[in-house]
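Notes follow the structure.
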Amino acid sequence: MTTQTSNARRVFLQKLLAGGAAAGMFMVYRQPVVAALKGADKTAQAAGHDYAFVVDVNRCIGCGQCVRACSIENDVPEGQYRTWIERYVVTPDGVHVDSPQGGMYGFDEVDEGLAGEAINTFFVPKLCNHCAEAPCIQVCPVGATYRSPEGFVLVDPEHCIGCSYCVQACPYGVRFINKYKHIADKCTWCYHRVSQGKLPACVTVCPTQARMFGDLNDPDSQVARVREADNWDVLKPEAHTESMCLYLGLPRVVV
Amino acid sequence: MNGSPRSHIYRLLVLLVIIGAGFAAVRSLAIPDSWDNEKFYRVDSLDDLSLQPLRIGGNEACAGAGCHDSQGLAKHEERFNALAKGSHSGLACENCHGPLSDHVSDGRRVASALINRENTLCLGCHGPLLSRPKDFPQFNAENTGHWYFDVEITAPCRDCHDPHEPRHRAALRDMGALEVESEIGATEQPHAASEVAQ
C-alpha cells in the first residue's frame with residue numbers, strides 16, 4: 001500500500017516535470033513551433049521577394065525629379081516629404097547641409113563665399129530605409145506599422161491612431177504626421193506600384209539612375225549585385241537598424 | 001433583508017460575468033478581422049495599400065500599350081524607340097511631359113501631355129551647380145559650340161539641341177557647327193567633344 005502510493009506519486013511527479021519542461025520549451029520557442037504547425041506559407045513568402053533600395057551618391061545631380069514624382073504619386077502634402085535631397089558642402093570650418101523644399105525644385109548655386117571654401121560638395125537623396133530591425137515598428141502601441149514579408153515597412157492607415165511615437169523613434173527622420181490625414185506617413189517604396197510589377201516612382205523618374213530598386217533574391221538584379229560587391233554603406237550603422245537602403249559612394253560626413 | 005446570507009457574493013459574481021462579457025465584446029469589436037497575432041498587424045492592410053492608384057506610369061506606359069488611337073500609338077512608339085537609343089535614354093517621358101495621370105485616366109486621354117520649351121526645364125538638370133558630379137554635362141558658356149555661337153545661359157536650348165537627342169548632329173549641322181569641329185578639332189572639354197562627335 002505504502003509502496004504503491006509512493007510509486008504513483010513518483011510517476012505523477014515525473015510526468016509533471018516532463019510536461020512542465022515541454023510547456024517551457026514551447027513558450028520559449030513558440031514562434032517556430034506555431035509556424036511549423038501552420039505550414040510553410042511564411043517561409044515560402046519570404047523566399048519570394050526580399051526588396052532593397054540602392055542610392056548612388058556619385059550619380060545624384062540634385063534635380064528634384066524624384067521628390068516631385070513622389071509627391072504626385074503619393075499625394076504628399078505640400079511642405080512634407082517622403083523623400084528629399086540634401087546638399088552637403090564640406091568646408092574646413094564645418095559642414096553645411098541644406099534642402100530647400102526638400103530639393104523638390106532643385107537647388108540654387110552655393111553661396112559664393114561658401115563655394116570658395118568648399119572642400120567637397122554633393123547631393124544625398126534620403127528616404128525610408130525600410131529597416132529589417134525597425135525602431136518605428138517596435139514602438140507602435142497598436143500594431144499599425146509593420147514590415148511586410150517582402151520587406152516593406154508600412155503604415156496601416158485604418159489602424160494608426162496618430163500618436164507619433166514612431167515619428168520620434170525613427171533615427172532617420174523619415175516619418176511625419178500627414179497634416180490632412182492626421183496619421184503617420186512615410187515612404188512605402190511605392191508598395192502599390194511594386195505589387196503591380198512597377199518600380200517606385202522616384203526610381204522611375206531618376207534621370208541618372210542614382211536610385212535603384214530590386215529584389216535581393218534575384219541574383220541578376222542591380223541591388224543584388226551591389227550587395228554582393230560589398231562596397232556599400234548604410235546611414236547610421238551605429239543604430240543597428242539593419243537598413244535596407246544601401247548607399248554607394250557615401251562620404252563619412254553624411255548623417 | 002431576508003434573502004440568502006450569500007446574496008452579496010452572487011451579486012458580485014453576476015457583476016463579474018457582465019464585466020467579463022462586456023470586455024470580450026469590446027475586444028472582439030476592436031480587433032480587426034484579419035488581425036494576425038503572430039505578425040501583429042492587420043494582414044488585409046496590404047491589400048488596402050496596394051489599391052492606391054498609380055499616377056506615374058513609367059516609359060512602358062507611354063510606349064503605347066493602352067493607346068487606342070493607332071496614329072498616336074505609332075508616334076509614341078517612334079519617340080520611345082528613338083529615346084531608348086539616344087543620350088537621354090535614362091530619362092522618363094514624365095520627366096519633361098508631366099505625370100501620366102494628367103494625360104491619361106482610366107485608359108482615356110484627358111489632356112495633352114505637357115510640352116515645356118523653356119530652357120529652365122533643361123537647366124533643372126544641366127544648370128551648372130558646384131555640387132553636381134563633375135562628369136555630368138552642365139551648361140558651360142566656354143565650351144566649343146557655346147563659345148563659337150556666343151551662347152549665354154539664358155538662350156533657348158532648343159534652338160540647337162533636340163531634347164529627345166540633344167547630341168544629335170542635325171541641329172548642329174544646320175548651324176554650321178560641323179565646320180567649327182574641323183576648324184578647332186577635338187578639344188579637351190568633354191561636353192563639347194561629345195556634343196559634336198558622333
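We name chains A, B, ... following the order of the C-alpha cells; residues begin at 1 in each chain, and ligands are numbered from 1 as shown.
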Using only C-alpha atoms, tabulate the residues of chain A lying at most 9 Å from any atom of chain B, each with its closest atom pair and that distance in Å to one decimal, by chain and increasing residue number, as JSON lines.
{"residue": "A:Gln31", "atom": "CA", "partner": "B:Glu38", "partner_atom": "CA", "distance": 7.6}
{"residue": "A:Val34", "atom": "CA", "partner": "B:Glu38", "partner_atom": "CA", "distance": 8.9}
{"residue": "A:Asn58", "atom": "CA", "partner": "B:Pro133", "partner_atom": "CA", "distance": 6.3}
{"residue": "A:Arg59", "atom": "CA", "partner": "B:Pro133", "partner_atom": "CA", "distance": 6.6}
{"residue": "A:Cys60", "atom": "CA", "partner": "B:Arg132", "partner_atom": "CA", "distance": 7.2}
{"residue": "A:Ile61", "atom": "CA", "partner": "B:Arg132", "partner_atom": "CA", "distance": 4.9}
{"residue": "A:Gly62", "atom": "CA", "partner": "B:Arg132", "partner_atom": "CA", "distance": 7.1}
{"residue": "A:Cys63", "atom": "CA", "partner": "B:Cys125", "partner_atom": "CA", "distance": 5.3}
{"residue": "A:Gly64", "atom": "CA", "partner": "B:Gly124", "partner_atom": "CA", "distance": 8.3}
{"residue": "A:Gln65", "atom": "CA", "partner": "B:Asn95", "partner_atom": "CA", "distance": 6.8}
{"residue": "A:Ala69", "atom": "CA", "partner": "B:Ile56", "partner_atom": "CA", "distance": 7.1}
{"residue": "A:Cys70", "atom": "CA", "partner": "B:Ile56", "partner_atom": "CA", "distance": 8.9}
{"residue": "A:Ile72", "atom": "CA", "partner": "B:Arg55", "partner_atom": "CA", "distance": 7.0}
{"residue": "A:Glu73", "atom": "CA", "partner": "B:Arg55", "partner_atom": "CA", "distance": 5.1}
{"residue": "A:Asn74", "atom": "CA", "partner": "B:Arg55", "partner_atom": "CA", "distance": 8.2}
{"residue": "A:Arg87", "atom": "CA", "partner": "B:Ser131", "partner_atom": "CA", "distance": 7.4}
{"residue": "A:Tyr88", "atom": "CA", "partner": "B:Ser131", "partner_atom": "CA", "distance": 8.0}
{"residue": "A:Val89", "atom": "CA", "partner": "B:Ser131", "partner_atom": "CA", "distance": 7.8}
{"residue": "A:Tyr105", "atom": "CA", "partner": "B:Gly124", "partner_atom": "CA", "distance": 8.0}
{"residue": "A:Gly106", "atom": "CA", "partner": "B:Gly124", "partner_atom": "CA", "distance": 6.6}
{"residue": "A:Phe107", "atom": "CA", "partner": "B:Leu129", "partner_atom": "CA", "distance": 8.1}
{"residue": "A:Asp108", "atom": "CA", "partner": "B:Leu129", "partner_atom": "CA", "distance": 7.6}
{"residue": "A:Glu109", "atom": "CA", "partner": "B:Leu129", "partner_atom": "CA", "distance": 5.5}
{"residue": "A:Val110", "atom": "CA", "partner": "B:Leu130", "partner_atom": "CA", "distance": 7.1}
{"residue": "A:Ala115", "atom": "CA", "partner": "B:Leu130", "partner_atom": "CA", "distance": 7.6}
{"residue": "A:Asn120", "atom": "CA", "partner": "B:Ser131", "partner_atom": "CA", "distance": 8.0}
{"residue": "A:Thr121", "atom": "CA", "partner": "B:Ser131", "partner_atom": "CA", "distance": 4.8}
{"residue": "A:Phe122", "atom": "CA", "partner": "B:Ser131", "partner_atom": "CA", "distance": 4.5}
{"residue": "A:Phe123", "atom": "CA", "partner": "B:Ser131", "partner_atom": "CA", "distance": 6.6}
{"residue": "A:Val142", "atom": "CA", "partner": "B:Tyr41", "partner_atom": "CA", "distance": 8.6}
{"residue": "A:Gly143", "atom": "CA", "partner": "B:Tyr41", "partner_atom": "CA", "distance": 5.3}
{"residue": "A:Ala144", "atom": "CA", "partner": "B:Tyr41", "partner_atom": "CA", "distance": 6.3}
{"residue": "A:Thr145", "atom": "CA", "partner": "B:Tyr41", "partner_atom": "CA", "distance": 7.2}
{"residue": "A:Tyr146", "atom": "CA", "partner": "B:Tyr41", "partner_atom": "CA", "distance": 6.4}
{"residue": "A:Arg147", "atom": "CA", "partner": "B:Lys39", "partner_atom": "CA", "distance": 8.9}
{"residue": "A:Ser148", "atom": "CA", "partner": "B:Leu46", "partner_atom": "CA", "distance": 7.9}
{"residue": "A:Leu154", "atom": "CA", "partner": "B:Leu46", "partner_atom": "CA", "distance": 8.5}
{"residue": "A:Val155", "atom": "CA", "partner": "B:Ser45", "partner_atom": "CA", "distance": 8.5}
{"residue": "A:Asp156", "atom": "CA", "partner": "B:Ser45", "partner_atom": "CA", "distance": 5.7}
{"residue": "A:Pro157", "atom": "CA", "partner": "B:Ser45", "partner_atom": "CA", "distance": 7.9}
{"residue": "A:Glu158", "atom": "CA", "partner": "B:Ser45", "partner_atom": "CA", "distance": 8.0}
{"residue": "A:His159", "atom": "CA", "partner": "B:Arg42", "partner_atom": "CA", "distance": 8.2}
{"residue": "A:Cys190", "atom": "CA", "partner": "B:Ser50", "partner_atom": "CA", "distance": 8.9}
{"residue": "A:Tyr191", "atom": "CA", "partner": "B:Ser50", "partner_atom": "CA", "distance": 6.3}
{"residue": "A:His192", "atom": "CA", "partner": "B:Ser50", "partner_atom": "CA", "distance": 4.0}
{"residue": "A:Arg193", "atom": "CA", "partner": "B:Leu54", "partner_atom": "CA", "distance": 6.8}
{"residue": "A:Val194", "atom": "CA", "partner": "B:Ser50", "partner_atom": "CA", "distance": 8.6}
{"residue": "A:Ser195", "atom": "CA", "partner": "B:Ser50", "partner_atom": "CA", "distance": 6.5}
{"residue": "A:Gln196", "atom": "CA", "partner": "B:Ser50", "partner_atom": "CA", "distance": 8.1}
{"residue": "A:Lys198", "atom": "CA", "partner": "B:Gly58", "partner_atom": "CA", "distance": 8.1}
{"residue": "A:Leu199", "atom": "CA", "partner": "B:Gly58", "partner_atom": "CA", "distance": 8.4}
{"residue": "A:Ala201", "atom": "CA", "partner": "B:Ile56", "partner_atom": "CA", "distance": 6.3}
{"residue": "A:Thr204", "atom": "CA", "partner": "B:Gly58", "partner_atom": "CA", "distance": 6.0}
{"residue": "A:Val205", "atom": "CA", "partner": "B:Ala92", "partner_atom": "CA", "distance": 5.3}
{"residue": "A:Cys206", "atom": "CA", "partner": "B:Leu91", "partner_atom": "CA", "distance": 7.1}
{"residue": "A:Pro207", "atom": "CA", "partner": "B:Leu91", "partner_atom": "CA", "distance": 4.6}
{"residue": "A:Thr208", "atom": "CA", "partner": "B:Gly90", "partner_atom": "CA", "distance": 6.3}
{"residue": "A:Gln209", "atom": "CA", "partner": "B:Gly90", "partner_atom": "CA", "distance": 7.1}
Practice item. Can you list, as an MDAnalysis selection string, all residues belonging to stretch 29-175 of chain B that DSSP tags as alpha helix (DSSP H)? Key: chainID B and resid 29:30 44:50 59:62 70:85 93:97 119:126 144:148 169:174
Atoms to include: N, CA and C atoms. Write the selected residues as a compact mmCIF listing (two decimals), in the first residue's frame.
# COMPACT_ATOMS: atom_id res chain seq x y z
N LEU B 29 -14.73 43.54 -30.99
CA LEU B 29 -15.05 44.61 -31.93
C LEU B 29 -13.79 45.42 -32.28
N ALA B 30 -12.90 45.57 -31.30
CA ALA B 30 -11.73 46.42 -31.51
C ALA B 30 -10.66 45.74 -32.35
N ASP B 44 -4.98 42.37 -43.98
CA ASP B 44 -5.73 42.97 -45.09
C ASP B 44 -5.22 44.35 -45.47
N SER B 45 -4.46 44.99 -44.57
CA SER B 45 -3.99 46.33 -44.90
C SER B 45 -3.04 46.30 -46.09
N LEU B 46 -2.38 45.15 -46.32
CA LEU B 46 -1.51 45.02 -47.50
C LEU B 46 -2.33 45.18 -48.78
N ASP B 47 -3.50 44.54 -48.81
CA ASP B 47 -4.36 44.67 -49.99
C ASP B 47 -4.88 46.09 -50.11
N ASP B 48 -5.26 46.68 -48.97
CA ASP B 48 -5.76 48.06 -48.99
C ASP B 48 -4.71 49.00 -49.58
N LEU B 49 -3.47 48.83 -49.12
CA LEU B 49 -2.41 49.73 -49.57
C LEU B 49 -2.09 49.53 -51.04
N SER B 50 -2.24 48.30 -51.53
CA SER B 50 -1.89 48.05 -52.93
C SER B 50 -2.94 48.62 -53.88
N ASN B 59 7.98 54.74 -68.60
CA ASN B 59 8.09 54.78 -70.05
C ASN B 59 7.30 53.68 -70.74
N GLU B 60 7.19 52.52 -70.07
CA GLU B 60 6.47 51.41 -70.70
C GLU B 60 5.00 51.78 -70.92
N ALA B 61 4.46 52.64 -70.07
CA ALA B 61 3.07 53.07 -70.25
C ALA B 61 2.95 53.99 -71.46
N CYS B 62 4.00 54.78 -71.72
CA CYS B 62 3.97 55.73 -72.85
C CYS B 62 4.22 55.03 -74.18
N SER B 70 -4.39 54.64 -83.29
CA SER B 70 -3.21 53.99 -83.89
C SER B 70 -2.16 55.02 -84.31
N GLN B 71 -2.61 56.21 -84.71
CA GLN B 71 -1.66 57.25 -85.11
C GLN B 71 -0.85 57.69 -83.89
N GLY B 72 -1.57 57.92 -82.81
CA GLY B 72 -0.90 58.32 -81.57
C GLY B 72 0.04 57.24 -81.09
N LEU B 73 -0.40 56.01 -81.26
CA LEU B 73 0.39 54.85 -80.84
C LEU B 73 1.73 54.82 -81.59
N ALA B 74 1.65 55.02 -82.92
CA ALA B 74 2.85 54.99 -83.75
C ALA B 74 3.81 56.11 -83.32
N LYS B 75 3.25 57.29 -83.05
CA LYS B 75 4.06 58.42 -82.66
C LYS B 75 4.80 58.14 -81.35
N HIS B 76 4.03 57.58 -80.40
CA HIS B 76 4.63 57.28 -79.09
C HIS B 76 5.72 56.22 -79.21
N GLU B 77 5.44 55.21 -80.03
CA GLU B 77 6.41 54.12 -80.18
C GLU B 77 7.70 54.62 -80.81
N GLU B 78 7.53 55.48 -81.82
CA GLU B 78 8.69 56.03 -82.52
C GLU B 78 9.56 56.82 -81.55
N ARG B 79 8.91 57.70 -80.80
CA ARG B 79 9.61 58.51 -79.80
C ARG B 79 10.31 57.61 -78.78
N PHE B 80 9.57 56.61 -78.34
CA PHE B 80 10.07 55.71 -77.30
C PHE B 80 11.34 55.00 -77.79
N ASN B 81 11.29 54.50 -79.03
CA ASN B 81 12.44 53.78 -79.58
C ASN B 81 13.61 54.72 -79.82
N ALA B 82 13.32 55.94 -80.29
CA ALA B 82 14.38 56.91 -80.55
C ALA B 82 15.07 57.29 -79.23
N LEU B 83 14.24 57.51 -78.22
CA LEU B 83 14.78 57.92 -76.92
C LEU B 83 15.65 56.82 -76.32
N ALA B 84 15.24 55.58 -76.55
CA ALA B 84 15.96 54.45 -75.96
C ALA B 84 17.39 54.32 -76.51
N LYS B 85 17.63 54.87 -77.70
CA LYS B 85 18.96 54.76 -78.29
C LYS B 85 19.83 55.95 -77.98
N CYS B 93 9.75 59.68 -69.81
CA CYS B 93 8.96 60.64 -70.58
C CYS B 93 8.38 61.69 -69.64
N GLU B 94 7.98 61.19 -68.44
CA GLU B 94 7.29 62.06 -67.49
C GLU B 94 8.21 63.09 -66.84
N ASN B 95 9.53 62.93 -67.00
CA ASN B 95 10.45 63.94 -66.50
C ASN B 95 10.10 65.31 -67.10
N CYS B 96 9.81 65.32 -68.39
CA CYS B 96 9.56 66.59 -69.06
C CYS B 96 8.08 66.78 -69.39
N HIS B 97 7.36 65.68 -69.61
CA HIS B 97 5.99 65.80 -70.12
C HIS B 97 4.93 65.67 -69.05
N ASN B 119 13.96 77.01 -71.32
CA ASN B 119 15.30 76.47 -71.03
C ASN B 119 15.45 76.14 -69.54
N THR B 120 14.55 76.66 -68.71
CA THR B 120 14.61 76.33 -67.28
C THR B 120 14.42 74.82 -67.07
N LEU B 121 13.63 74.22 -67.96
CA LEU B 121 13.43 72.77 -67.86
C LEU B 121 14.77 72.04 -68.05
N CYS B 122 15.52 72.45 -69.08
CA CYS B 122 16.82 71.82 -69.35
C CYS B 122 17.80 72.09 -68.21
N LEU B 123 17.75 73.36 -67.72
CA LEU B 123 18.72 73.75 -66.71
C LEU B 123 18.41 73.13 -65.34
N GLY B 124 17.21 72.61 -65.19
CA GLY B 124 16.89 71.87 -63.97
C GLY B 124 17.88 70.75 -63.72
N CYS B 125 18.35 70.13 -64.81
CA CYS B 125 19.37 69.10 -64.70
C CYS B 125 20.74 69.63 -65.12
N HIS B 126 20.78 70.43 -66.19
CA HIS B 126 22.07 70.80 -66.79
C HIS B 126 22.57 72.18 -66.39
N THR B 144 33.11 74.53 -76.83
CA THR B 144 33.29 74.87 -78.25
C THR B 144 32.07 75.51 -78.91
N GLY B 145 30.97 74.77 -78.90
CA GLY B 145 29.77 75.26 -79.60
C GLY B 145 29.24 76.52 -78.96
N HIS B 146 29.13 76.51 -77.68
CA HIS B 146 28.56 77.65 -76.96
C HIS B 146 29.46 78.88 -77.13
N TRP B 147 30.75 78.65 -77.09
CA TRP B 147 31.69 79.77 -77.22
C TRP B 147 31.63 80.34 -78.64
N TYR B 148 31.59 79.46 -79.63
CA TYR B 148 31.61 79.88 -81.02
C TYR B 148 30.39 80.71 -81.36
N ARG B 169 23.43 65.44 -84.41
CA ARG B 169 24.24 66.30 -85.27
C ARG B 169 23.40 67.24 -86.11
N ALA B 170 22.19 66.80 -86.47
CA ALA B 170 21.41 67.55 -87.46
C ALA B 170 21.29 69.02 -87.09
N ALA B 171 20.88 69.25 -85.84
CA ALA B 171 20.70 70.63 -85.41
C ALA B 171 22.00 71.39 -85.51
N LEU B 172 23.08 70.72 -85.18
CA LEU B 172 24.38 71.38 -85.19
C LEU B 172 24.87 71.63 -86.61
N ARG B 173 24.55 70.69 -87.50
CA ARG B 173 24.97 70.84 -88.90
C ARG B 173 24.29 72.07 -89.49
N ASP B 174 23.00 72.23 -89.17
CA ASP B 174 22.26 73.39 -89.67
C ASP B 174 22.93 74.68 -89.22
Practice item. Tell me, in Å to one decimal, how far atom CA of A:Gly162 is from atom CA of A:Phe53. Key: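 These two atoms are separated by 27.0 Å.
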Check your understanding: Expressed in Å to a single decimal, how great is the separation between atom CA of A:Cys128 and atom CA of A:Gly48?
Key ->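 Separation between atom CA of A:Cys128 and atom CA of A:Gly48: 21.8 Å.
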**Study point:** Two-atom distance - atom CA of A:Lys126, atom CA of A:Thr188 (Å)
**Key:**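 Straight-line distance from atom CA of A:Lys126 to atom CA of A:Thr188 works out to 13.0 Å.
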Review point. Looking at only C-alpha atoms, which of B:Asn116, B:Ser87, B:Gln138, B:Asn143 is the one that sits closest to B:Glu165?
Key: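 Counting only C-alpha atoms, the residue closest to B:Glu165 is B:Ser87.
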